[in-house]
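The next block holds one structure in the form of structure tokens; read it before the comments.
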Amino acid sequence: MADQPASDRIGGYADAVLAVARAEGAQAEVESELARFADALRSSDELQSTLADSVIDVERRLQITEDLLGGKALPATAALVSLVVGAGRGGELVEIIDAAIDRAAAGRNRRVARVRSAVELTGEQRARLTEAIMASSGLDVEIQAIVDPSVVGGVVTEIGDDVIDGSVRSRLQQMRSGLG
């Protein structure tokens, strides 16, 4: 039997994650914790590769997730991450979390705007950014803020496949190419 296509597999895991979060009655908090965990994975190539490495014993990979989440996240969040890692899908964990968050937002008739910035956004900045995105795109969005020091300054916003690069680096590159 052929391997299930990655997008179907990721969607299946995302649906399962949402179903468990709903059943636990803590969907919003589980989504938030999963988003923070995905951010931690994005910022650590070593952690991503460790959780994805099938050479490392599954019990060791599960212990790593327990060390990271145990007592710091809801038991449901830790169990969901462990489920994915234990099933050998640690390499797809970020994509599964993103898909779950996207599907949850779609269930609320919203889209997720992933906003990367060098520093944590304040509540006021998030509110202004939400209003600006909604006004310019006509989309009802939820902001998922991701701290990414490589952005340097400004923000990079992704809504689905659309990317709005308002980073200082992008502006400098535009200026250089305009002068060159």
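Just so we're on the same page: first chain in the structure tokens is A, next is B, and so on; residues restart at 1 for each chain, and ligands are numbered from 1 in the order they show up.
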(message) Can you pull out every residue from region 1-164 of chain A that DSSP, working from the backbone, puts in strand (DSSP E or B), and format the result as a ChimeraX atom specification?
(response) /A:111-117,141-147,154-159,162-164
(request) Write out as a list in words each polymer residue whose atoms come within 9 Å of region 160-164 of chain A, counting only C-alpha atoms; drop sequence neighbours fewer than 6 positions from it. (result) Asp102, Arg111, Val112, Ala113 and Arg114 of chain A
Could you please take those selected residues and save C-alpha atoms as a PDB file, in the first residue's frame?
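Okay, part29.pdb is ready:
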```pdb
ATOM      1  CA  ASP A 102      -5.627  27.089  10.470  1.00  0.00           C
ATOM      2  CA  ARG A 111      -7.900  33.074   8.611  1.00  0.00           C
ATOM      3  CA  VAL A 112      -4.612  32.925  10.482  1.00  0.00           C
ATOM      4  CA  ALA A 113      -2.105  35.692   9.837  1.00  0.00           C
ATOM      5  CA  ARG A 114       1.331  34.481  10.934  1.00  0.00           C
TER       6      ARG A 114
END
```
(message) What's around region 144-155 of chain A at 7 Å? Count only C-alpha atoms, leave out sequence neighbours fewer than 4 positions away in its own chain, and write the answer as a PyMOL selection string.
(response) chain A and resi 39+112-120+165-168
Contact residues around Ile97 (chain A) with only C-alpha atoms at 7 Å, ignoring same-chain residues under 6 positions, as an mmCIF file with C-alpha atoms, in the first residue's frame:
```cif
data_model
loop_
_atom_site.group_PDB
_atom_site.id
_atom_site.type_symbol
_atom_site.label_atom_id
_atom_site.label_comp_id
_atom_site.auth_asym_id
_atom_site.auth_seq_id
_atom_site.Cartn_x
_atom_site.Cartn_y
_atom_site.Cartn_z
ATOM 1 C CA ALA A 14 -4.540 18.205 12.530
ATOM 2 C CA LEU A 34 0.749 24.381 20.420
ATOM 3 C CA ALA A 35 1.498 27.640 18.575
ATOM 4 C CA ALA A 38 5.712 25.300 17.019
#
```
(message) I want to know what sits within 8 Å of region 58-63 of chain A, based on only C-alpha atoms, with residues of the same chain fewer than 2 positions away left out; could you give that as a VMD selection string?
(response) chain A and resid 50 to 51 54 56 65 to 67 82 85 to 86 88
(request) To one decimal in Å, tell me the separation between CA of Arg126 (chain A) and CA of Ile159 (chain A). (result) 15.0 Å
(message) Could you pull out the helix (DSSP H, G or I) residues of region 74-151 of chain A, going by DSSP on the backbone, and write them as a PyMOL selection string?
(response) chain A and resi 75-86+90-107+123-137+149-151
Quick one: write out the picked residues with N, CA and C atoms as a tab-separated table (two decimals), in the first residue's frame?
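See result.tsv below for the written result:
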```
chain	number	residue	atom	x	y	z
A	75	PRO	N	-2.05	19.04	30.19
A	75	PRO	CA	-1.79	17.64	29.86
A	75	PRO	C	-2.24	17.27	28.44
A	76	ALA	N	-3.33	17.87	27.98
A	76	ALA	CA	-3.82	17.58	26.63
A	76	ALA	C	-2.80	18.03	25.58
A	77	THR	N	-2.17	19.18	25.78
A	77	THR	CA	-1.18	19.69	24.84
A	77	THR	C	0.03	18.75	24.80
A	78	ALA	N	0.52	18.38	25.98
A	78	ALA	CA	1.67	17.48	26.05
A	78	ALA	C	1.33	16.13	25.41
A	79	ALA	N	0.13	15.64	25.65
A	79	ALA	CA	-0.28	14.35	25.09
A	79	ALA	C	-0.38	14.41	23.57
A	80	LEU	N	-0.87	15.52	23.04
A	80	LEU	CA	-0.99	15.66	21.59
A	80	LEU	C	0.38	15.70	20.91
A	81	VAL	N	1.30	16.45	21.49
A	81	VAL	CA	2.65	16.50	20.93
A	81	VAL	C	3.29	15.11	21.02
A	82	SER	N	3.12	14.45	22.15
A	82	SER	CA	3.67	13.10	22.32
A	82	SER	C	3.06	12.12	21.33
A	83	LEU	N	1.78	12.25	21.06
A	83	LEU	CA	1.11	11.38	20.09
A	83	LEU	C	1.77	11.49	18.72
A	84	VAL	N	1.99	12.71	18.28
A	84	VAL	CA	2.57	12.94	16.96
A	84	VAL	C	4.02	12.44	16.92
A	85	VAL	N	4.79	12.79	17.94
A	85	VAL	CA	6.20	12.37	17.99
A	85	VAL	C	6.28	10.84	18.10
A	86	GLY	N	5.45	10.25	18.96
A	86	GLY	CA	5.44	8.80	19.14
A	86	GLY	C	5.05	8.04	17.89
A	90	GLY	N	7.43	13.46	14.05
A	90	GLY	CA	8.05	14.65	14.63
A	90	GLY	C	8.53	15.63	13.59
A	91	GLY	N	8.93	15.14	12.43
A	91	GLY	CA	9.39	16.01	11.36
A	91	GLY	C	8.27	16.82	10.73
A	92	GLU	N	7.04	16.41	10.97
A	92	GLU	CA	5.88	17.12	10.43
A	92	GLU	C	5.12	17.89	11.52
A	93	LEU	N	5.68	17.93	12.70
A	93	LEU	CA	4.97	18.51	13.84
A	93	LEU	C	4.59	19.97	13.62
A	94	VAL	N	5.49	20.79	13.10
A	94	VAL	CA	5.17	22.20	12.85
A	94	VAL	C	4.03	22.32	11.85
A	95	GLU	N	4.10	21.53	10.77
A	95	GLU	CA	3.05	21.58	9.75
A	95	GLU	C	1.71	21.10	10.31
A	96	ILE	N	1.75	20.09	11.17
A	96	ILE	CA	0.52	19.58	11.78
A	96	ILE	C	-0.09	20.64	12.70
A	97	ILE	N	0.74	21.27	13.51
A	97	ILE	CA	0.25	22.32	14.41
A	97	ILE	C	-0.32	23.48	13.60
A	98	ASP	N	0.41	23.92	12.58
A	98	ASP	CA	-0.09	25.02	11.75
A	98	ASP	C	-1.42	24.66	11.10
A	99	ALA	N	-1.53	23.44	10.60
A	99	ALA	CA	-2.79	23.00	9.96
A	99	ALA	C	-3.92	22.97	10.97
A	100	ALA	N	-3.64	22.51	12.19
A	100	ALA	CA	-4.68	22.47	13.22
A	100	ALA	C	-5.15	23.88	13.56
A	101	ILE	N	-4.21	24.81	13.70
A	101	ILE	CA	-4.56	26.20	14.03
A	101	ILE	C	-5.34	26.83	12.87
A	102	ASP	N	-4.91	26.56	11.64
A	102	ASP	CA	-5.63	27.09	10.47
A	102	ASP	C	-7.05	26.55	10.42
A	103	ARG	N	-7.22	25.25	10.67
A	103	ARG	CA	-8.55	24.63	10.62
A	103	ARG	C	-9.44	25.15	11.75
A	104	ALA	N	-8.86	25.36	12.91
A	104	ALA	CA	-9.64	25.91	14.02
A	104	ALA	C	-10.11	27.31	13.69
A	105	ALA	N	-9.23	28.13	13.12
A	105	ALA	CA	-9.61	29.49	12.75
A	105	ALA	C	-10.69	29.46	11.67
A	106	ALA	N	-10.56	28.56	10.70
A	106	ALA	CA	-11.57	28.43	9.65
A	106	ALA	C	-12.92	28.06	10.24
A	107	GLY	N	-12.91	27.26	11.29
A	107	GLY	CA	-14.15	26.92	11.98
A	107	GLY	C	-14.82	28.12	12.64
A	123	GLY	N	0.00	43.94	23.04
A	123	GLY	CA	-1.42	43.78	22.73
A	123	GLY	C	-1.92	44.87	21.81
A	124	GLU	N	-1.46	46.10	22.03
A	124	GLU	CA	-1.87	47.22	21.18
A	124	GLU	C	-1.35	47.05	19.76
A	125	GLN	N	-0.11	46.61	19.61
A	125	GLN	CA	0.45	46.38	18.27
A	125	GLN	C	-0.32	45.28	17.53
A	126	ARG	N	-0.66	44.24	18.26
A	126	ARG	CA	-1.43	43.14	17.66
A	126	ARG	C	-2.80	43.63	17.19
A	127	ALA	N	-3.44	44.44	18.02
A	127	ALA	CA	-4.77	44.96	17.67
A	127	ALA	C	-4.69	45.87	16.44
A	128	ARG	N	-3.70	46.77	16.40
A	128	ARG	CA	-3.53	47.65	15.24
A	128	ARG	C	-3.21	46.86	13.98
A	129	LEU	N	-2.36	45.85	14.12
A	129	LEU	CA	-2.00	45.02	12.98
A	129	LEU	C	-3.21	44.23	12.48
A	130	THR	N	-4.01	43.71	13.38
A	130	THR	CA	-5.23	42.99	13.00
A	130	THR	C	-6.15	43.91	12.22
A	131	GLU	N	-6.36	45.13	12.73
A	131	GLU	CA	-7.22	46.09	12.04
A	131	GLU	C	-6.68	46.44	10.66
A	132	ALA	N	-5.36	46.64	10.55
A	132	ALA	CA	-4.76	47.01	9.28
A	132	ALA	C	-4.89	45.87	8.25
A	133	ILE	N	-4.66	44.64	8.69
A	133	ILE	CA	-4.77	43.50	7.78
A	133	ILE	C	-6.21	43.33	7.33
A	134	MET	N	-7.13	43.46	8.27
A	134	MET	CA	-8.55	43.31	7.93
A	134	MET	C	-8.98	44.41	6.95
A	135	ALA	N	-8.50	45.64	7.18
A	135	ALA	CA	-8.88	46.75	6.30
A	135	ALA	C	-8.29	46.59	4.90
A	136	SER	N	-7.05	46.13	4.81
A	136	SER	CA	-6.41	46.02	3.50
A	136	SER	C	-6.80	44.77	2.73
A	137	SER	N	-7.10	43.68	3.45
A	137	SER	CA	-7.37	42.41	2.76
A	137	SER	C	-8.85	42.05	2.71
A	149	PRO	N	14.20	36.60	15.40
A	149	PRO	CA	15.25	37.61	15.40
A	149	PRO	C	15.83	37.90	14.02
A	150	SER	N	15.69	36.98	13.08
A	150	SER	CA	16.24	37.21	11.74
A	150	SER	C	15.47	38.29	10.98
A	151	VAL	N	14.29	38.66	11.46
A	151	VAL	CA	13.51	39.71	10.81
A	151	VAL	C	14.19	41.07	11.01
```
